[in-house]
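Chemist: Quick one: this structure, given as structure tokens, is what I'll be asking you about.
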Amino acid sequence: MAQGTVMPAPKFTGFNNSGVVVSSGKLYTYSAGTSTPLATYSDVDLTVANANPVILDSAGRATVFLTASSYKFVLKDSSDNTLWTQDNVKAAAPFSVNLDITATFGVTVTAGQGVYLSNGSGSLTAGRWYLWDADLDYASNSALGLPIIGIVTADASAGDVGSVRVLGRADVTGPLTVGTSYYISGTAGALSSSAGTYSRLVGVADSTTSLAMTATSAPVPLASISGLGTNVATWLATPSSSNLAAAVTGETGSGALVFATSPSLVTPALGTPASGTLTNCSGLPAASVVAGTFGSGNYSITGTLALAPTKQLYLDGGNDTYIREVASDWMDFVVGGNSMLQLRNGVAVYLNLADVYMGATKRLYLDGGSNTYITEASADQIEFITGGSSRVKITSTGRVRMPDVYNVSGTGAALYIESDGNLFRIVSARKYKDNIRYHTVDGNAVYQLRPISYTLKAKPDAPEQIGFLAEDVEPVERRLVVYNDEGTPESLHYDRITVLLVAAVQDLQQRLTALSARGH
């Protein structure tokens, strides 16, 4: 039969002892039995806290939502005269309920930690709550019975009386993965998404910081289960070889269980196979293999398989795919009768693939497709291709061409090449410079520079250009000259000529200022 509840008062209404509403009254709320303020809320989600005291309106009303805690209410009039006090008031349980129970803690705990009710195991105090631990059977999942577990709702010290949530929705320390099952962890008081030694399921995450808890139930002791065979309960509690032997009937042989490793199976003997062909067996000692062939099936060699020099280990049903030792410390992998990979100790690696061994016009592909590779475009010229387009070419004379760079614009520092071939960028920040001095540049030097026009010998068909001769600039200002490894002029720092121009302009400005001061 369905059951309902009496409708609660939609709003709190304060009355004095004469039954008259208390206009602008004050409702003070505390933790039950204390004078410690305990918040109430103006919304059902408990996100907007009321002022404490809650100020009633002119009709003596206020919206008050309570938490699951116990309260003490003190109603006063607008002049703070106490009208009445009511202690140990709890909110009416909703249909969707969280079950909290009073607990006495044996250790200091924090909100969101997991605890269990001790039965005294581990030299602890029975009836007190301690941090759960999947590494301890009595603190998680004991054969003697599952202890009651829960989540701490508020911080508490050892010996304090607090509250533990044993069913419902519990706030925990996240982050959790929504929809994932969580177990008691081997870290005391913590949760884990994987089960530990004595772990048990706590619940499923319904948000990143909360857990929908499963119901706690005690196991049925094995000894109370009827219908089990003789000694079966003993073996289930302690699954040893001797207990299993005592529980089974109709067995052949005796002794301890034998698994895949040790001890070796000695008796009973397997006997001699009548057909002479042993199939689908593992662990066959390599030393016992005699001349001939294995039957069809799968074989596992756990020892060392030694192949004499020039012998071959075939990997297919034919005779053209195999591994062989060509000579001492020289291994050859043959596929389809062709040597595809050779490994020599400390000497070389050889790959017989057309697109790896780079003859003329051959390519070394660097991606899973066919548009990114390195190739020898022509004799003594390496070309780097990405996205099907040529990006860099290097000739035998060391010249480097980057066709697409000319079409790319951007901002940044200028790039220069030193006489040894190293690339570097021009920097101008103070942090890169020492021995900084001002006014050490003679602006008049700019008047001594001799502009020229010329064509390049290497490109006689190129348009005529203008500039300076490094040899002419050297006696005027050596700091503008780039020298080669032999110490002779090679090029100019054209970007630094602007420094001379600035100095010259500043010198002219000073002269103009001086002339102006004399009335000229």
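By order of appearance in the structure tokens: chains A, B, ..., then residues from 1 within every chain, and ligands from 1 in the order shown.
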Need the shell around Lys90 (chain A): protein/DNA/RNA residues with any atom at most 12 Å away, counting only C-alpha atoms. Skip same-chain ones fewer than 4 positions apart. Format as a PDB file with N, CA and C atoms, in the first residue's frame?
Modeler:
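Ended up saving to out.pdb:
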ATOM      1  N   THR A  29      19.277  29.985  14.857  1.00  0.00           N
ATOM      2  CA  THR A  29      19.401  28.537  14.631  1.00  0.00           C
ATOM      3  C   THR A  29      20.792  28.087  15.033  1.00  0.00           C
ATOM      4  N   TYR A  30      20.832  27.005  15.876  1.00  0.00           N
ATOM      5  CA  TYR A  30      22.099  26.476  16.390  1.00  0.00           C
ATOM      6  C   TYR A  30      22.119  24.963  16.207  1.00  0.00           C
ATOM      7  N   SER A  31      23.335  24.379  16.333  1.00  0.00           N
ATOM      8  CA  SER A  31      23.434  22.927  16.405  1.00  0.00           C
ATOM      9  C   SER A  31      22.757  22.477  17.687  1.00  0.00           C
ATOM     10  N   ALA A  32      22.055  21.346  17.619  1.00  0.00           N
ATOM     11  CA  ALA A  32      21.288  20.857  18.770  1.00  0.00           C
ATOM     12  C   ALA A  32      22.173  20.743  20.000  1.00  0.00           C
ATOM     13  N   THR A  40      20.679  27.694   8.030  1.00  0.00           N
ATOM     14  CA  THR A  40      19.513  27.230   7.281  1.00  0.00           C
ATOM     15  C   THR A  40      19.589  27.879   5.904  1.00  0.00           C
ATOM     16  N   PHE A  65      14.763  26.220   4.848  1.00  0.00           N
ATOM     17  CA  PHE A  65      15.072  24.827   4.522  1.00  0.00           C
ATOM     18  C   PHE A  65      16.176  24.353   5.464  1.00  0.00           C
ATOM     19  N   LEU A  66      16.036  23.124   5.978  1.00  0.00           N
ATOM     20  CA  LEU A  66      16.994  22.571   6.935  1.00  0.00           C
ATOM     21  C   LEU A  66      17.866  21.518   6.278  1.00  0.00           C
ATOM     22  N   THR A  67      19.089  21.353   6.829  1.00  0.00           N
ATOM     23  CA  THR A  67      19.954  20.252   6.428  1.00  0.00           C
ATOM     24  C   THR A  67      19.551  19.009   7.210  1.00  0.00           C
ATOM     25  N   ALA A  68      20.317  17.925   7.032  1.00  0.00           N
ATOM     26  CA  ALA A  68      19.984  16.682   7.725  1.00  0.00           C
ATOM     27  C   ALA A  68      20.429  16.697   9.180  1.00  0.00           C
ATOM     28  N   SER A  69      20.992  17.806   9.657  1.00  0.00           N
ATOM     29  CA  SER A  69      21.486  17.882  11.028  1.00  0.00           C
ATOM     30  C   SER A  69      20.347  18.184  12.002  1.00  0.00           C
ATOM     31  N   SER A  70      20.649  18.049  13.300  1.00  0.00           N
ATOM     32  CA  SER A  70      19.696  18.412  14.351  1.00  0.00           C
ATOM     33  C   SER A  70      19.924  19.873  14.745  1.00  0.00           C
ATOM     34  N   TYR A  71      18.822  20.608  15.008  1.00  0.00           N
ATOM     35  CA  TYR A  71      18.885  22.045  15.274  1.00  0.00           C
ATOM     36  C   TYR A  71      18.344  22.376  16.672  1.00  0.00           C
ATOM     37  N   LYS A  72      18.756  23.542  17.150  1.00  0.00           N
ATOM     38  CA  LYS A  72      18.096  24.197  18.285  1.00  0.00           C
ATOM     39  C   LYS A  72      17.607  25.548  17.770  1.00  0.00           C
ATOM     40  N   PHE A  73      16.290  25.844  17.950  1.00  0.00           N
ATOM     41  CA  PHE A  73      15.688  27.094  17.499  1.00  0.00           C
ATOM     42  C   PHE A  73      15.414  27.991  18.709  1.00  0.00           C
ATOM     43  N   GLN A  86      13.418  25.820  21.294  1.00  0.00           N
ATOM     44  CA  GLN A  86      13.098  24.421  21.012  1.00  0.00           C
ATOM     45  C   GLN A  86      14.365  23.725  20.534  1.00  0.00           C
ATOM     46  N   PRO A  94      12.739  13.524   3.369  1.00  0.00           N
ATOM     47  CA  PRO A  94      12.103  13.496   2.049  1.00  0.00           C
ATOM     48  C   PRO A  94      11.958  12.054   1.571  1.00  0.00           C
TER      49      PRO A  94
END
Chemist: Within 8 Å of Ala62 (chain A), counting only C-alpha atoms, which residues qualify if same-chain residues fewer than 4 places away don't, as JSON, numbers by chain?
Modeler: {"A": [11, 12, 13, 54, 55, 56, 57]}
Chemist: Hey, can you spit out that residue selection with all heavy atoms as a PDB file, in the first residue's frame?
Modeler:
ATOM      1  N   LYS A  11       5.952  27.668   4.850  1.00  0.00           N
ATOM      2  CA  LYS A  11       6.794  28.724   5.371  1.00  0.00           C
ATOM      3  C   LYS A  11       6.790  28.642   6.899  1.00  0.00           C
ATOM      4  O   LYS A  11       5.788  28.243   7.521  1.00  0.00           O
ATOM      5  CB  LYS A  11       6.308  30.114   4.944  1.00  0.00           C
ATOM      6  CG  LYS A  11       6.631  30.492   3.514  1.00  0.00           C
ATOM      7  CD  LYS A  11       6.156  31.891   3.211  1.00  0.00           C
ATOM      8  CE  LYS A  11       6.591  32.342   1.831  1.00  0.00           C
ATOM      9  NZ  LYS A  11       8.035  32.586   1.757  1.00  0.00           N
ATOM     10  N   PHE A  12       7.914  29.022   7.488  1.00  0.00           N
ATOM     11  CA  PHE A  12       7.957  29.099   8.946  1.00  0.00           C
ATOM     12  C   PHE A  12       7.174  30.349   9.383  1.00  0.00           C
ATOM     13  O   PHE A  12       7.323  31.434   8.808  1.00  0.00           O
ATOM     14  CB  PHE A  12       9.406  29.204   9.434  1.00  0.00           C
ATOM     15  CG  PHE A  12       9.518  29.483  10.911  1.00  0.00           C
ATOM     16  CD1 PHE A  12       9.438  28.454  11.843  1.00  0.00           C
ATOM     17  CD2 PHE A  12       9.684  30.788  11.378  1.00  0.00           C
ATOM     18  CE1 PHE A  12       9.520  28.715  13.195  1.00  0.00           C
ATOM     19  CE2 PHE A  12       9.767  31.056  12.723  1.00  0.00           C
ATOM     20  CZ  PHE A  12       9.689  30.012  13.640  1.00  0.00           C
ATOM     21  N   THR A  13       6.310  30.190  10.409  1.00  0.00           N
ATOM     22  CA  THR A  13       5.566  31.321  10.962  1.00  0.00           C
ATOM     23  C   THR A  13       5.816  31.375  12.460  1.00  0.00           C
ATOM     24  O   THR A  13       5.620  30.376  13.169  1.00  0.00           O
ATOM     25  CB  THR A  13       4.060  31.188  10.712  1.00  0.00           C
ATOM     26  OG1 THR A  13       3.835  31.056   9.297  1.00  0.00           O
ATOM     27  CG2 THR A  13       3.319  32.411  11.229  1.00  0.00           C
ATOM     28  N   VAL A  54      17.371  34.503  11.231  1.00  0.00           N
ATOM     29  CA  VAL A  54      16.481  34.695  10.101  1.00  0.00           C
ATOM     30  C   VAL A  54      15.463  35.773  10.494  1.00  0.00           C
ATOM     31  O   VAL A  54      14.783  35.649  11.516  1.00  0.00           O
ATOM     32  CB  VAL A  54      15.748  33.387   9.749  1.00  0.00           C
ATOM     33  CG1 VAL A  54      14.822  33.608   8.564  1.00  0.00           C
ATOM     34  CG2 VAL A  54      16.743  32.269   9.477  1.00  0.00           C
ATOM     35  N   ILE A  55      15.362  36.853   9.730  1.00  0.00           N
ATOM     36  CA  ILE A  55      14.440  37.951  10.037  1.00  0.00           C
ATOM     37  C   ILE A  55      13.082  37.644   9.417  1.00  0.00           C
ATOM     38  O   ILE A  55      12.963  37.440   8.198  1.00  0.00           O
ATOM     39  CB  ILE A  55      14.986  39.289   9.517  1.00  0.00           C
ATOM     40  CG1 ILE A  55      16.411  39.540  10.061  1.00  0.00           C
ATOM     41  CG2 ILE A  55      14.047  40.428   9.913  1.00  0.00           C
ATOM     42  CD1 ILE A  55      16.491  39.578  11.568  1.00  0.00           C
ATOM     43  N   LEU A  56      12.036  37.583  10.262  1.00  0.00           N
ATOM     44  CA  LEU A  56      10.687  37.297   9.780  1.00  0.00           C
ATOM     45  C   LEU A  56      10.076  38.546   9.142  1.00  0.00           C
ATOM     46  O   LEU A  56      10.455  39.675   9.464  1.00  0.00           O
ATOM     47  CB  LEU A  56       9.809  36.830  10.954  1.00  0.00           C
ATOM     48  CG  LEU A  56      10.372  35.694  11.819  1.00  0.00           C
ATOM     49  CD1 LEU A  56       9.346  35.268  12.864  1.00  0.00           C
ATOM     50  CD2 LEU A  56      10.804  34.513  10.965  1.00  0.00           C
ATOM     51  N   ASP A  57       9.147  38.333   8.220  1.00  0.00           N
ATOM     52  CA  ASP A  57       8.511  39.481   7.577  1.00  0.00           C
ATOM     53  C   ASP A  57       7.414  40.047   8.491  1.00  0.00           C
ATOM     54  O   ASP A  57       7.241  39.625   9.642  1.00  0.00           O
ATOM     55  CB  ASP A  57       7.962  39.095   6.195  1.00  0.00           C
ATOM     56  CG  ASP A  57       6.895  38.002   6.259  1.00  0.00           C
ATOM     57  OD1 ASP A  57       6.330  37.796   7.351  1.00  0.00           O
ATOM     58  OD2 ASP A  57       6.629  37.378   5.217  1.00  0.00           O
TER      59      ASP A  57
END
Chemist: What does the distance from CA of Asp80 (chain A) to CA of Arg61 (chain A) come to in Å, to one decimal?
Modeler: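 Computing it gives 16.7 Å between the two atoms.
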Chemist: What is the distance, in Å and to one decimal place, between CA of Val178 (chain A) and CA of Ser207 (chain A)?
Modeler: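 Separating CA of Val178 (chain A) from CA of Ser207 (chain A) is a distance of 5.2 Å.
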Chemist: I'd like the interatomic distance between CA of Leu176 (chain A) and CA of Ser210 (chain A), to a tenth of an Å.
Modeler: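 That distance, rounded to one decimal, is 7.7 Å.
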Chemist: Within 10 Å of Val502 (chain A), counting only C-alpha atoms, which residues qualify if same-chain residues fewer than 6 places away don't, as a VMD selection string?
Modeler: chain A and resid 441 443 446 508
Chemist: So which residues touch Tyr183 (chain A) within 9 Å, counting only C-alpha atoms, skipping near sequence neighbours fewer than 2 positions away, as an mmCIF file with N, CA and C atoms, in the first residue's frame?
Modeler:
data_model
loop_
_atom_site.group_PDB
_atom_site.id
_atom_site.type_symbol
_atom_site.label_atom_id
_atom_site.label_comp_id
_atom_site.auth_asym_id
_atom_site.auth_seq_id
_atom_site.Cartn_x
_atom_site.Cartn_y
_atom_site.Cartn_z
ATOM 1 N N ALA A 134 41.549 -1.418 2.629
ATOM 2 C CA ALA A 134 41.406 -2.663 1.885
ATOM 3 C C ALA A 134 42.557 -3.620 2.115
ATOM 4 N N SER A 181 32.363 2.659 -10.786
ATOM 5 C CA SER A 181 32.223 2.041 -9.468
ATOM 6 C C SER A 181 33.476 2.304 -8.646
ATOM 7 N N SER A 185 39.760 1.587 -0.672
ATOM 8 C CA SER A 185 41.137 1.636 -1.144
ATOM 9 C C SER A 185 42.093 1.067 -0.101
ATOM 10 N N ALA A 190 40.342 6.187 1.933
ATOM 11 C CA ALA A 190 40.217 6.677 0.553
ATOM 12 C C ALA A 190 39.395 5.718 -0.304
ATOM 13 N N LEU A 191 39.046 6.197 -1.516
ATOM 14 C CA LEU A 191 38.331 5.409 -2.503
ATOM 15 C C LEU A 191 39.273 5.016 -3.633
ATOM 16 N N SER A 192 38.950 3.921 -4.339
ATOM 17 C CA SER A 192 39.743 3.484 -5.478
ATOM 18 C C SER A 192 38.799 2.949 -6.546
ATOM 19 N N SER A 193 39.155 3.184 -7.812
ATOM 20 C CA SER A 193 38.332 2.677 -8.909
ATOM 21 C C SER A 193 38.640 1.216 -9.218
ATOM 22 N N SER A 194 39.610 0.630 -8.502
ATOM 23 C CA SER A 194 39.920 -0.789 -8.675
ATOM 24 C C SER A 194 39.902 -1.467 -7.310
ATOM 25 N N ALA A 195 39.493 -2.717 -7.293
ATOM 26 C CA ALA A 195 39.363 -3.454 -6.037
ATOM 27 C C ALA A 195 40.725 -3.865 -5.507
ATOM 28 N N GLY A 196 40.925 -3.756 -4.177
ATOM 29 C CA GLY A 196 42.162 -4.145 -3.534
ATOM 30 C C GLY A 196 42.082 -5.548 -2.965
ATOM 31 N N SER A 199 39.083 -5.601 -0.697
ATOM 32 C CA SER A 199 38.222 -4.475 -1.037
ATOM 33 C C SER A 199 36.771 -4.903 -1.191
ATOM 34 N N ARG A 200 35.889 -3.923 -1.142
ATOM 35 C CA ARG A 200 34.475 -4.141 -1.383
ATOM 36 C C ARG A 200 33.888 -2.905 -2.035
ATOM 37 N N LEU A 201 32.791 -3.075 -2.738
ATOM 38 C CA LEU A 201 32.158 -1.979 -3.463
ATOM 39 C C LEU A 201 31.513 -1.007 -2.478
ATOM 40 N N VAL A 202 31.735 0.300 -2.695
ATOM 41 C CA VAL A 202 31.120 1.343 -1.872
ATOM 42 C C VAL A 202 29.941 1.969 -2.604
ATOM 43 N N GLY A 203 30.101 2.248 -3.896
ATOM 44 C CA GLY A 203 29.019 2.867 -4.652
ATOM 45 C C GLY A 203 29.489 3.289 -6.034
#
Chemist: Extract, using only C-alpha atoms, all DNA, RNA and protein residues at most 9 Å from Leu124 (chain A), discarding same-chain residues fewer than 6 positions from it, and format them as JSON, numbers by chain.
Modeler: {"A": [106, 118, 130]}
Chemist: Write the residues of the selection above to a file with N, CA, C and O atoms, as a compact mmCIF listing (two decimals), in the first residue's frame.
Modeler:
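result36.txt, freshly written:
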# COMPACT_ATOMS: atom_id res chain seq x y z
N GLY A 106 37.06 6.72 16.60
CA GLY A 106 38.26 6.27 17.31
C GLY A 106 39.51 6.97 16.84
O GLY A 106 40.57 6.84 17.46
N SER A 118 34.09 -0.73 14.08
CA SER A 118 35.00 -1.78 14.53
C SER A 118 34.31 -2.76 15.47
O SER A 118 33.47 -2.39 16.29
N TYR A 130 36.54 3.76 12.61
CA TYR A 130 37.92 3.98 12.19
C TYR A 130 37.97 4.04 10.66
O TYR A 130 37.04 3.60 9.97
Chemist: Leu99 (chain A): which residues within 10 Å, counting only C-alpha atoms, same-chain residues fewer than 4 positions away excluded, as a list in words?
Modeler: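 Close residues of Leu99 (chain A): Ala68, Ala93, Gly150, Ser163, Val164, Arg165, Val166, Leu167, Gly168, Arg169 and Ala170 of chain A.
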Chemist: Ranking A:Val48, A:Ala514, A:Ala39, A:Val22 by minimum distance to Ser79 (chain A) and counting only C-alpha atoms, which one comes first?
Modeler: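 That would be A:Val22, the residue with the smallest distance to Ser79 (chain A).
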